[in-house]
$ cat coords_37.txt   # compact mmCIF, C-alpha atoms and all ligand atoms
# COMPACT_ATOMS: atom_id res chain seq x y z
CA MET A 1 51.49 -57.62 -55.39
CA ALA A 2 51.96 -53.92 -54.69
CA THR A 3 52.31 -51.31 -57.46
CA PRO A 4 55.37 -52.03 -59.62
CA ARG A 5 58.50 -50.18 -58.62
CA LYS A 6 60.36 -48.16 -61.20
CA VAL A 7 63.69 -49.51 -59.97
CA ILE A 8 64.52 -52.51 -57.80
CA ILE A 9 68.14 -52.81 -56.71
CA ILE A 10 69.30 -56.25 -55.61
CA GLY A 11 72.37 -56.16 -53.35
CA SER A 12 73.96 -53.57 -51.14
CA GLY A 13 77.67 -52.99 -51.62
CA PRO A 14 79.06 -49.72 -52.99
CA ALA A 15 77.43 -50.52 -56.38
CA GLY A 16 73.95 -51.01 -54.93
CA TYR A 17 74.08 -48.00 -52.61
CA THR A 18 75.38 -45.71 -55.35
CA ALA A 19 72.65 -46.90 -57.74
CA ALA A 20 70.14 -46.20 -54.95
CA ILE A 21 71.47 -42.67 -54.31
CA TYR A 22 71.25 -41.78 -58.02
CA ALA A 23 67.87 -43.43 -58.60
CA ALA A 24 66.37 -41.86 -55.47
CA ARG A 25 67.66 -38.38 -56.40
CA ALA A 26 66.02 -38.86 -59.82
CA ASN A 27 62.67 -39.37 -58.03
CA LEU A 28 62.47 -43.03 -58.97
CA ALA A 29 61.76 -44.14 -55.35
CA PRO A 30 63.88 -47.28 -55.62
CA LEU A 31 63.39 -50.40 -53.58
CA MET A 32 66.68 -51.86 -52.45
CA ILE A 33 66.62 -55.47 -51.35
CA ASN A 34 69.88 -55.44 -49.53
CA GLY A 35 70.13 -58.97 -48.23
CA VAL A 36 70.38 -60.37 -44.74
CA GLN A 37 74.14 -59.65 -44.68
CA ALA A 38 74.00 -56.15 -46.10
CA GLY A 39 77.07 -54.15 -47.09
CA GLY A 40 79.13 -56.51 -49.24
CA GLN A 41 82.83 -57.23 -49.02
CA LEU A 42 83.70 -53.95 -47.28
CA MET A 43 81.96 -55.30 -44.18
CA LEU A 44 84.97 -57.64 -43.87
CA THR A 45 87.51 -54.84 -44.17
CA THR A 46 88.99 -52.68 -41.47
CA HIS A 47 90.72 -49.54 -42.76
CA VAL A 48 89.88 -48.19 -46.20
CA GLU A 49 92.36 -45.61 -47.43
CA ASN A 50 91.74 -45.59 -51.17
CA TYR A 51 88.12 -44.49 -51.34
CA PRO A 52 88.21 -40.84 -52.43
CA GLY A 53 86.87 -38.23 -50.08
CA PHE A 54 88.44 -39.47 -46.83
CA VAL A 55 91.73 -37.94 -45.73
CA ASP A 56 91.91 -40.32 -42.77
CA PRO A 57 91.21 -44.05 -43.05
CA VAL A 58 87.55 -45.00 -42.77
CA LEU A 59 86.43 -48.40 -41.48
CA GLY A 60 84.76 -50.54 -44.16
CA PRO A 61 81.51 -51.09 -42.18
CA GLU A 62 81.40 -47.35 -41.33
CA LEU A 63 81.73 -46.43 -45.00
CA MET A 64 78.88 -48.77 -45.90
CA GLU A 65 76.70 -47.38 -43.10
CA THR A 66 77.33 -43.86 -44.42
CA MET A 67 76.36 -44.94 -47.95
CA ARG A 68 73.21 -46.63 -46.60
CA LYS A 69 72.13 -43.47 -44.75
CA GLN A 70 72.84 -41.35 -47.84
CA ALA A 71 70.66 -43.66 -49.97
CA GLU A 72 67.87 -43.60 -47.35
CA ARG A 73 68.02 -39.83 -47.03
CA PHE A 74 66.83 -39.43 -50.62
CA GLY A 75 63.98 -41.91 -50.23
CA THR A 76 65.30 -45.40 -50.94
CA ASP A 77 63.18 -48.12 -49.33
CA MET A 78 65.40 -50.82 -47.83
CA LEU A 79 64.47 -54.42 -47.26
CA GLY A 80 66.82 -56.62 -45.25
CA GLU A 81 65.93 -59.89 -46.94
CA ASP A 82 67.63 -62.14 -49.47
CA VAL A 83 66.25 -62.43 -52.98
CA ILE A 84 65.62 -66.11 -53.62
CA GLU A 85 64.18 -66.00 -57.14
CA VAL A 86 63.73 -63.63 -60.07
CA ASP A 87 61.59 -63.78 -63.21
CA PHE A 88 62.91 -61.58 -65.99
CA THR A 89 60.84 -63.33 -68.68
CA ARG A 90 57.77 -61.20 -67.93
CA ARG A 91 57.23 -57.47 -67.46
CA PRO A 92 57.22 -55.90 -65.00
CA PHE A 93 60.03 -58.14 -63.76
CA VAL A 94 59.37 -60.16 -60.60
CA VAL A 95 61.72 -60.43 -57.64
CA ARG A 96 60.88 -62.81 -54.78
CA THR A 97 62.13 -63.02 -51.22
CA ALA A 98 61.10 -65.75 -48.77
CA ASP A 99 58.16 -63.61 -47.61
CA ALA A 100 57.07 -61.47 -50.54
CA ALA A 101 57.18 -60.77 -54.27
CA PHE A 102 57.86 -57.40 -55.88
CA GLU A 103 57.44 -56.09 -59.42
CA GLY A 104 59.99 -53.78 -60.99
CA GLN A 105 60.06 -51.95 -64.34
CA THR A 106 63.85 -52.05 -64.16
CA ILE A 107 66.31 -54.06 -62.11
CA VAL A 108 69.84 -53.28 -61.00
CA ILE A 109 71.84 -56.40 -60.14
CA ALA A 110 74.46 -55.45 -57.54
CA THR A 111 74.96 -58.71 -55.68
CA GLY A 112 78.77 -58.58 -55.76
CA ALA A 113 81.21 -61.41 -55.51
CA THR A 114 82.57 -63.41 -52.63
CA ALA A 115 86.27 -64.07 -52.23
CA ARG A 116 86.95 -67.78 -51.86
CA MET A 117 88.47 -68.48 -48.47
CA LEU A 118 90.52 -71.33 -47.07
CA GLY A 119 87.85 -72.14 -44.49
CA LEU A 120 90.09 -71.94 -41.41
CA PRO A 121 88.62 -70.64 -38.12
CA SER A 122 91.80 -68.54 -37.60
CA GLU A 123 91.30 -66.99 -41.04
CA THR A 124 87.79 -65.86 -40.07
CA LEU A 125 89.05 -64.40 -36.78
CA LEU A 126 91.93 -62.50 -38.42
CA ILE A 127 90.25 -61.16 -41.55
CA GLY A 128 90.84 -57.41 -41.53
CA HIS A 129 93.56 -57.94 -38.89
CA GLY A 130 96.36 -59.20 -41.12
CA VAL A 131 94.35 -61.53 -43.34
CA SER A 132 93.15 -59.91 -46.55
CA THR A 133 91.70 -60.82 -49.93
CA CYS A 134 92.76 -57.61 -51.67
CA ALA A 135 96.38 -56.45 -52.08
CA THR A 136 95.35 -53.19 -53.75
CA CYS A 137 93.20 -52.40 -50.70
CA ASP A 138 95.48 -53.54 -47.92
CA GLY A 139 99.04 -53.92 -49.26
CA PHE A 140 99.99 -50.46 -48.03
CA PHE A 141 99.51 -51.59 -44.41
CA PHE A 142 102.36 -54.11 -44.82
CA LYS A 143 105.08 -51.75 -46.00
CA ASP A 144 108.53 -53.31 -45.48
CA GLN A 145 106.99 -56.39 -43.85
CA ASP A 146 106.87 -60.09 -44.78
CA VAL A 147 103.69 -61.49 -46.29
CA VAL A 148 102.32 -64.77 -47.59
CA VAL A 149 100.09 -65.06 -50.66
CA VAL A 150 98.04 -68.24 -51.02
CA GLY A 151 97.15 -69.53 -54.50
CA GLY A 152 98.69 -70.38 -57.85
CA GLY A 153 96.49 -68.56 -60.36
CA ASP A 154 96.73 -65.15 -62.04
CA SER A 155 95.12 -63.47 -59.02
CA ALA A 156 97.77 -64.85 -56.67
CA LEU A 157 100.64 -63.68 -58.88
CA GLU A 158 99.01 -60.33 -59.51
CA GLU A 159 98.67 -59.85 -55.75
CA ALA A 160 102.28 -61.01 -55.23
CA LEU A 161 103.64 -58.63 -57.88
CA TYR A 162 101.65 -55.71 -56.48
CA LEU A 163 102.76 -56.47 -52.93
CA ALA A 164 106.41 -56.85 -53.97
CA ARG A 165 106.48 -53.10 -54.68
CA LEU A 166 105.63 -52.37 -51.06
CA VAL A 167 106.69 -55.17 -48.76
CA ARG A 168 110.05 -56.72 -47.83
CA SER A 169 109.21 -60.23 -48.99
CA VAL A 170 106.35 -62.23 -50.50
CA ALA A 171 106.13 -66.01 -50.16
CA VAL A 172 103.61 -67.55 -52.55
CA VAL A 173 102.25 -70.76 -51.01
CA HIS A 174 100.79 -73.10 -53.61
CA ARG A 175 99.37 -76.59 -53.15
CA ARG A 176 100.96 -77.97 -56.34
CA ASP A 177 104.36 -77.60 -58.03
CA THR A 178 103.02 -75.92 -61.16
CA LEU A 179 101.17 -72.67 -61.40
CA ARG A 180 97.81 -72.17 -63.06
CA ALA A 181 98.71 -68.53 -63.83
CA SER A 182 99.52 -67.32 -67.36
CA LYS A 183 103.12 -67.66 -68.62
CA ILE A 184 103.73 -63.91 -68.63
CA MET A 185 102.67 -63.56 -64.99
CA GLN A 186 104.82 -66.55 -64.04
CA ASP A 187 107.85 -65.03 -65.80
CA ARG A 188 107.37 -61.74 -63.98
CA ALA A 189 106.95 -63.40 -60.60
CA PHE A 190 109.96 -65.72 -61.04
CA ALA A 191 112.11 -62.74 -62.05
CA ASN A 192 111.15 -60.68 -59.00
CA PRO A 193 113.79 -61.02 -56.28
CA LYS A 194 111.28 -60.26 -53.53
CA ILE A 195 108.99 -63.17 -54.47
CA SER A 196 109.71 -66.75 -53.41
CA PHE A 197 107.58 -69.88 -53.77
CA VAL A 198 106.63 -72.56 -51.28
CA TRP A 199 105.49 -75.48 -53.42
CA LYS A 200 103.18 -78.41 -52.65
CA SER A 201 102.11 -76.79 -49.43
CA GLU A 202 98.88 -75.75 -47.81
CA VAL A 203 98.23 -73.15 -45.14
CA VAL A 204 96.48 -75.16 -42.42
CA ASP A 205 96.46 -72.48 -39.71
CA ILE A 206 97.11 -68.76 -39.31
CA LEU A 207 98.76 -67.45 -36.13
CA ASP A 208 97.87 -65.76 -33.81
CA PRO A 209 94.12 -65.15 -33.28
CA ALA A 210 94.59 -64.83 -29.52
CA GLY A 211 96.99 -61.93 -30.08
CA GLY A 212 94.58 -60.33 -32.57
CA LYS A 213 97.12 -60.10 -35.37
CA VAL A 214 98.96 -62.25 -37.90
CA THR A 215 102.37 -63.48 -36.77
CA GLY A 216 102.79 -66.49 -39.05
CA VAL A 217 101.26 -69.48 -40.80
CA VAL A 218 101.33 -73.22 -40.22
CA LEU A 219 102.16 -75.03 -43.46
CA ARG A 220 101.53 -78.66 -44.35
CA ASP A 221 103.60 -80.37 -47.01
CA VAL A 222 100.91 -82.10 -49.10
CA VAL A 223 103.32 -84.94 -50.06
CA THR A 224 104.88 -85.82 -46.70
CA GLY A 225 102.23 -84.34 -44.40
CA ALA A 226 105.02 -82.60 -42.45
CA ARG A 227 104.02 -79.39 -40.69
CA SER A 228 106.15 -76.29 -40.29
CA GLU A 229 105.72 -72.72 -39.13
CA ARG A 230 106.61 -69.67 -41.18
CA ARG A 231 106.74 -66.15 -39.79
CA ALA A 232 104.57 -63.60 -41.60
CA ASP A 233 102.97 -60.23 -40.89
CA GLY A 234 100.14 -60.66 -43.37
CA VAL A 235 98.32 -63.34 -45.35
CA PHE A 236 96.66 -62.60 -48.68
CA VAL A 237 94.20 -65.29 -49.73
CA ALA A 238 94.03 -65.25 -53.54
CA ILE A 239 92.30 -68.48 -54.49
CA GLY A 240 89.61 -66.92 -56.67
CA HIS A 241 86.26 -65.16 -56.38
CA LEU A 242 82.73 -66.44 -56.86
CA PRO A 243 80.25 -63.92 -58.28
CA ASN A 244 76.96 -64.01 -56.38
CA THR A 245 74.86 -64.64 -59.45
CA ALA A 246 73.31 -68.09 -58.95
CA ILE A 247 69.76 -66.67 -58.76
CA PHE A 248 70.20 -65.03 -62.19
CA ARG A 249 71.24 -68.20 -64.04
CA GLY A 250 68.85 -68.72 -66.95
CA GLN A 251 67.44 -65.17 -66.53
CA VAL A 252 70.31 -63.06 -67.95
CA ASP A 253 73.39 -64.17 -69.87
CA LEU A 254 76.26 -65.11 -67.58
CA LEU A 255 79.87 -65.62 -68.67
CA PRO A 256 81.29 -69.14 -68.20
CA SER A 257 82.98 -67.78 -65.04
CA GLY A 258 79.53 -66.88 -63.65
CA TYR A 259 79.90 -63.10 -63.95
CA VAL A 260 76.96 -61.24 -65.52
CA ARG A 261 77.70 -60.40 -69.15
CA VAL A 262 77.26 -56.69 -69.87
CA GLU A 263 77.69 -54.78 -73.10
CA PRO A 264 81.19 -53.24 -73.01
CA GLY A 265 81.22 -49.73 -71.59
CA THR A 266 77.66 -50.07 -70.23
CA THR A 267 75.80 -51.89 -67.47
CA ARG A 268 73.25 -53.33 -69.92
CA THR A 269 72.66 -57.06 -69.59
CA SER A 270 71.12 -59.41 -72.18
CA VAL A 271 67.64 -58.40 -70.92
CA PRO A 272 66.60 -54.81 -71.77
CA GLY A 273 65.72 -53.06 -68.51
CA VAL A 274 68.00 -55.24 -66.38
CA PHE A 275 71.34 -53.65 -65.51
CA ALA A 276 74.32 -55.05 -63.64
CA ALA A 277 76.86 -53.11 -61.58
CA GLY A 278 79.83 -53.82 -59.35
CA ASP A 279 81.66 -57.07 -58.78
CA ALA A 280 78.76 -59.24 -60.05
CA GLN A 281 79.86 -58.09 -63.53
CA ASP A 282 83.52 -57.17 -62.92
CA SER A 283 86.18 -59.83 -62.52
CA VAL A 284 89.00 -57.40 -63.29
CA PHE A 285 89.03 -54.29 -61.08
CA ARG A 286 86.88 -55.34 -58.08
CA GLN A 287 87.34 -52.05 -56.26
CA ALA A 288 84.79 -50.22 -54.11
CA VAL A 289 85.22 -47.11 -56.22
CA THR A 290 84.76 -48.93 -59.55
CA ALA A 291 81.70 -50.68 -58.10
CA ALA A 292 80.30 -47.30 -57.06
CA GLY A 293 81.05 -45.96 -60.56
CA THR A 294 79.14 -48.73 -62.30
CA GLY A 295 76.32 -48.37 -59.73
CA CYS A 296 75.97 -44.77 -60.88
CA MET A 297 76.00 -45.90 -64.52
CA ALA A 298 73.29 -48.51 -63.87
CA ALA A 299 70.96 -45.96 -62.23
CA LEU A 300 71.44 -43.47 -65.08
CA GLU A 301 70.89 -46.18 -67.68
CA ALA A 302 67.76 -47.38 -65.85
CA GLU A 303 66.42 -43.81 -65.76
CA ARG A 304 67.04 -43.34 -69.49
CA TRP A 305 65.51 -46.71 -70.30
CA LEU A 306 62.35 -45.83 -68.32
CA GLU A 307 62.09 -42.54 -70.18
CA ALA A 308 62.51 -44.25 -73.55
CA GLN A 309 59.70 -46.69 -72.62
CA HIS A 310 57.53 -43.78 -71.39
CA LEU A 311 57.59 -45.34 -67.93
CA GLY A 312 59.67 -42.61 -66.28
P1 LIG B 1 91.98 -69.46 -60.50
O1 LIG B 1 92.59 -69.31 -61.83
O2 LIG B 1 90.81 -70.36 -60.32
O3 LIG B 1 93.14 -69.92 -59.50
C1 LIG B 1 92.86 -70.23 -58.18
C2 LIG B 1 94.14 -70.75 -57.54
O4 LIG B 1 93.90 -70.99 -56.17
C3 LIG B 1 94.61 -72.07 -58.17
O5 LIG B 1 96.01 -72.08 -58.28
C4 LIG B 1 94.13 -73.10 -57.15
O6 LIG B 1 95.00 -74.21 -57.04
C5 LIG B 1 94.21 -72.34 -55.86
N1 LIG B 1 93.22 -72.82 -54.90
C6 LIG B 1 91.88 -72.96 -55.07
N2 LIG B 1 91.30 -73.39 -53.95
C7 LIG B 1 92.31 -73.54 -53.04
C8 LIG B 1 92.34 -73.94 -51.70
N3 LIG B 1 91.23 -74.28 -51.04
N4 LIG B 1 93.54 -73.98 -51.09
C9 LIG B 1 94.67 -73.63 -51.73
N5 LIG B 1 94.70 -73.22 -53.01
C10 LIG B 1 93.52 -73.17 -53.66
O7 LIG B 1 91.49 -68.04 -59.89
P2 LIG B 1 92.13 -66.58 -60.14
O8 LIG B 1 93.58 -66.61 -60.01
O9 LIG B 1 91.33 -65.67 -59.26
O10 LIG B 1 91.75 -66.27 -61.64
C11 LIG B 1 90.38 -66.32 -62.08
C12 LIG B 1 90.31 -65.92 -63.55
O11 LIG B 1 90.63 -64.53 -63.68
C13 LIG B 1 91.33 -66.69 -64.41
O12 LIG B 1 90.77 -66.90 -65.67
C14 LIG B 1 92.49 -65.73 -64.51
O13 LIG B 1 93.28 -65.93 -65.66
C15 LIG B 1 91.77 -64.38 -64.53
N6 LIG B 1 92.67 -63.34 -63.99
C16 LIG B 1 93.53 -62.72 -64.86
C17 LIG B 1 94.40 -61.77 -64.38
C18 LIG B 1 95.35 -61.09 -65.31
O14 LIG B 1 95.43 -61.48 -66.44
N7 LIG B 1 96.07 -60.09 -64.88
C19 LIG B 1 94.44 -61.44 -63.02
C20 LIG B 1 93.57 -62.10 -62.16
C21 LIG B 1 92.70 -63.06 -62.66
P3 LIG B 1 95.14 -75.28 -58.24
O15 LIG B 1 95.97 -74.59 -59.28
O16 LIG B 1 95.81 -76.43 -57.57
O17 LIG B 1 93.72 -75.57 -58.66

$ encode --input "coords_37.txt" --output "structure tokens" --more "lines below"
Ligand code: NAP
Amino acid sequence: MATPRKVIIIGSGPAGYTAAIYAARANLAPLMINGVQAGGQLMLTTHVENYPGFVDPVLGPELMETMRKQAERFGTDMLGEDVIEVDFTRRPFVVRTADAAFEGQTIVIATGATARMLGLPSETLLIGHGVSTCATCDGFFFKDQDVVVVGGGDSALEEALYLARLVRSVAVVHRRDTLRASKIMQDRAFANPKISFVWKSEVVDILDPAGGKVTGVVLRDVVTGARSERRADGVFVAIGHLPNTAIFRGQVDLLPSGYVRVEPGTTRTSVPGVFAAGDAQDSVFRQAVTAAGTGCMAALEAERWLEAQHLG
């Protein structure tokens, strides 16, 4: 194995790139193992209008490319492979890809989360073109239009309530006739005149991939099997997120939901020297800018930890 790295960053969304920029500027020559599909959830987004610093909308992939170049400019080494295994029980820590193993004095986990999707081909074709997994990010594009939200949990109702401030109507499509969401969220949604519910129904297709934009959904009544079409300008899939933390199970403490447990107000995990940033440890805000913020925190905490161990 080569000389241990001071900092190894695993993952490459806004959290990973920001950690890399800060660590590289602190002369820590970080290694970033950014995965085969680098860039995180913003790679599936078209226009980003809420990331500070851009007067005009920036495309998600373009924003990630800019962050990557900024991290490289200060001397981050990038490796386009997936981490398949880690060993945080020994020091330096060990991080393995299919082809190699690396040692790191500190680790920043920035592997993000993946929005659960319905699994429809039309959904894949229209993501970023009317299909979204983030109302805060994309709701503004549907001002005074009609949208569908899929799901029956707190996320679905939170998305519906947020969207109701902007759009003309929100139809929440849920596969059962009772919601999983908390009582308070249900009360708010039921009281909102812009929000209606389509019960015991599944979205089985999204129209119209050939036209390159969303014009409606095909619904299937789960009891009768009957199919119907509903006009819509946008579809928000809100059926939960899965943090990308499987490789860390048994290595750092995870919450029952799978998110990495960090000490409140820090990025410190249960293993000293291992830090977690971005959506891998955040089930609440899930924004590019909050991910970038915690990426910065993780790099600063790693730097301070190295100094305290006389490894800096
Ligand atoms: P969740 O509670 O797991 O709910 C997922 C919803 O999506 C469920 O209603 C589920 O239906 C539905 N669903 C799952 N797979 C589906 C599929 N393939 N097709 C159609 N529907 C599908 O996830 P979440 O809403 O993201 O919440 C996750 C956690 O974060 C929860 O603990 C929640 O309380 C918390 N949270 C809290 C807040 C808040 O307090 N403001 C906001 C967001 C999230 P079924 O009900 O039939 O299973």

$ residues_around --input "coords_37.txt" --residues "region 13-26 of chain A" --least-positions-apart "5" --cutoff "8 Å" --atoms "all atoms listed in the file" --output "ChimeraX atom specification"
/A:7,32,38-42,64,67-68,70-72,74-76,108-112,277-278,288-289,291-300,303

$ closest_atom_pairs --input "coords_37.txt" --of "chain A" --to "ligand LIG 1 (chain B)" --cutoff "7 Å" --atoms "only C-alpha atoms and all ligand atoms" --output "Markdown table"
| residue | atom | partner | partner_atom | distance |
| --- | --- | --- | --- | --- |
| A:Met117 | CA | B:LIG1 | N3 | 6.9 |
| A:Leu118 | CA | B:LIG1 | N3 | 5.0 |
| A:Val150 | CA | B:LIG1 | N5 | 6.3 |
| A:Gly151 | CA | B:LIG1 | O4 | 3.9 |
| A:Gly152 | CA | B:LIG1 | O5 | 3.2 |
| A:Gly153 | CA | B:LIG1 | O8 | 3.5 |
| A:Asp154 | CA | B:LIG1 | O8 | 4.0 |
| A:Ser155 | CA | B:LIG1 | O8 | 3.6 |
| A:Ala156 | CA | B:LIG1 | O8 | 5.6 |
| A:Glu158 | CA | B:LIG1 | C19 | 5.9 |
| A:His174 | CA | B:LIG1 | N5 | 6.1 |
| A:Arg175 | CA | B:LIG1 | O16 | 5.7 |
| A:Arg176 | CA | B:LIG1 | O16 | 5.5 |
| A:Leu179 | CA | B:LIG1 | O15 | 5.9 |
| A:Arg180 | CA | B:LIG1 | O15 | 4.9 |
| A:Ala181 | CA | B:LIG1 | O13 | 6.3 |
| A:Ser182 | CA | B:LIG1 | O13 | 6.6 |
| A:Glu202 | CA | B:LIG1 | C9 | 6.1 |
| A:Ala238 | CA | B:LIG1 | O4 | 6.3 |
| A:Ile239 | CA | B:LIG1 | O4 | 3.4 |
| A:Gly240 | CA | B:LIG1 | O9 | 3.4 |
| A:His241 | CA | B:LIG1 | O9 | 5.9 |
| A:Ser283 | CA | B:LIG1 | O11 | 6.6 |
| A:Val284 | CA | B:LIG1 | C20 | 6.7 |

$ residues_around --input "coords_37.txt" --residues "region 126-137 of chain A" --least-positions-apart "3" --cutoff "10 Å" --atoms "only C-alpha atoms" --output "ChimeraX atom specification"
/A:41-51,60,114-117,121-123,140-142,147-150,155-156,158-163,206-216,232-241,285-288

$ atom_distance --input "coords_37.txt" --atom1 "CA of Val95 (chain A)" --atom2 "CA of Pro256 (chain A)"
23.9 Å

$ residues_around --input "coords_37.txt" --residues "Gln37 (chain A)" --least-positions-apart "3" --cutoff "9 Å" --atoms "all atoms listed in the file" --output "list in words"
Ser12, Asn34, Gly40, Met43, Gly80, Glu81 and Asp82 of chain A

$ closest_residue --input "coords_37.txt" --among "A:Val86, A:Val223, A:Val173, A:Ala164" --to "Ala246 (chain A)" --atoms "only C-alpha atoms"
A:Val86

$ closest_residue --input "coords_37.txt" --among "A:Ala302, A:Ala308, A:Ile195, A:Leu28" --to "Thr266 (chain A)" --atoms "all atoms listed in the file"
A:Ala302

$ atom_distance --input "coords_37.txt" --atom1 "CA of Asp87 (chain A)" --atom2 "CA of Arg261 (chain A)"
17.5 Å

$ atom_distance --input "coords_37.txt" --atom1 "CA of Leu242 (chain A)" --atom2 "CA of Ala100 (chain A)"
26.9 Å

$ residues_around --input "coords_37.txt" --residues "Gly225 (chain A)" --least-positions-apart "3" --cutoff "12 Å" --atoms "all atoms listed in the file" --output "JSON, numbers by chain"
{"A": [200, 201, 202, 203, 204, 218, 219, 220, 221, 222, 228]}

$ closest_residue --input "coords_37.txt" --among "A:Asn244, A:Glu85, A:Trp305, A:Asp205" --to "Asp99 (chain A)" --atoms "all atoms listed in the file"
A:Glu85

$ closest_residue --input "coords_37.txt" --among "A:Asp253, A:Glu301, A:Glu307, A:Asp138" --to "Gln281 (chain A)" --atoms "only C-alpha atoms"
A:Asp253

$ build_atoms --input "coords_37.txt" --residues "region 256-267 of chain A" --atoms "N, CA, C and O atoms" --output "PDB file, in the frame of the given file"
ATOM      1  N   PRO A 256      80.993 -67.815 -68.755  1.00  0.00           N
ATOM      2  CA  PRO A 256      81.290 -69.140 -68.200  1.00  0.00           C
ATOM      3  C   PRO A 256      81.803 -69.059 -66.754  1.00  0.00           C
ATOM      4  O   PRO A 256      81.574 -69.965 -65.958  1.00  0.00           O
ATOM      5  N   SER A 257      82.463 -67.951 -66.396  1.00  0.00           N
ATOM      6  CA  SER A 257      82.980 -67.780 -65.040  1.00  0.00           C
ATOM      7  C   SER A 257      81.870 -67.428 -64.044  1.00  0.00           C
ATOM      8  O   SER A 257      82.129 -67.332 -62.838  1.00  0.00           O
ATOM      9  N   GLY A 258      80.647 -67.192 -64.537  1.00  0.00           N
ATOM     10  CA  GLY A 258      79.530 -66.880 -63.650  1.00  0.00           C
ATOM     11  C   GLY A 258      79.241 -65.400 -63.512  1.00  0.00           C
ATOM     12  O   GLY A 258      78.219 -65.014 -62.945  1.00  0.00           O
ATOM     13  N   TYR A 259      80.148 -64.541 -64.030  1.00  0.00           N
ATOM     14  CA  TYR A 259      79.900 -63.100 -63.950  1.00  0.00           C
ATOM     15  C   TYR A 259      78.797 -62.723 -64.954  1.00  0.00           C
ATOM     16  O   TYR A 259      78.680 -63.361 -66.009  1.00  0.00           O
ATOM     17  N   VAL A 260      78.022 -61.687 -64.613  1.00  0.00           N
ATOM     18  CA  VAL A 260      76.960 -61.240 -65.520  1.00  0.00           C
ATOM     19  C   VAL A 260      77.606 -60.606 -66.748  1.00  0.00           C
ATOM     20  O   VAL A 260      78.512 -59.772 -66.612  1.00  0.00           O
ATOM     21  N   ARG A 261      77.155 -60.989 -67.926  1.00  0.00           N
ATOM     22  CA  ARG A 261      77.700 -60.400 -69.150  1.00  0.00           C
ATOM     23  C   ARG A 261      77.009 -59.063 -69.394  1.00  0.00           C
ATOM     24  O   ARG A 261      75.780 -59.004 -69.415  1.00  0.00           O
ATOM     25  N   VAL A 262      77.823 -58.009 -69.528  1.00  0.00           N
ATOM     26  CA  VAL A 262      77.260 -56.690 -69.870  1.00  0.00           C
ATOM     27  C   VAL A 262      77.873 -56.224 -71.176  1.00  0.00           C
ATOM     28  O   VAL A 262      78.978 -56.639 -71.534  1.00  0.00           O
ATOM     29  N   GLU A 263      77.134 -55.360 -71.878  1.00  0.00           N
ATOM     30  CA  GLU A 263      77.690 -54.780 -73.100  1.00  0.00           C
ATOM     31  C   GLU A 263      78.850 -53.882 -72.709  1.00  0.00           C
ATOM     32  O   GLU A 263      78.717 -53.082 -71.770  1.00  0.00           O
ATOM     33  N   PRO A 264      80.006 -54.020 -73.407  1.00  0.00           N
ATOM     34  CA  PRO A 264      81.190 -53.240 -73.010  1.00  0.00           C
ATOM     35  C   PRO A 264      80.877 -51.749 -72.881  1.00  0.00           C
ATOM     36  O   PRO A 264      80.171 -51.177 -73.711  1.00  0.00           O
ATOM     37  N   GLY A 265      81.391 -51.164 -71.812  1.00  0.00           N
ATOM     38  CA  GLY A 265      81.220 -49.730 -71.590  1.00  0.00           C
ATOM     39  C   GLY A 265      79.848 -49.347 -71.057  1.00  0.00           C
ATOM     40  O   GLY A 265      79.532 -48.164 -70.929  1.00  0.00           O
ATOM     41  N   THR A 266      79.000 -50.342 -70.761  1.00  0.00           N
ATOM     42  CA  THR A 266      77.660 -50.070 -70.230  1.00  0.00           C
ATOM     43  C   THR A 266      77.396 -51.034 -69.074  1.00  0.00           C
ATOM     44  O   THR A 266      78.218 -51.896 -68.785  1.00  0.00           O
ATOM     45  N   THR A 267      76.216 -50.896 -68.469  1.00  0.00           N
ATOM     46  CA  THR A 267      75.800 -51.890 -67.470  1.00  0.00           C
ATOM     47  C   THR A 267      74.616 -52.707 -68.007  1.00  0.00           C
ATOM     48  O   THR A 267      73.934 -53.379 -67.243  1.00  0.00           O
TER      49      THR A 267
END
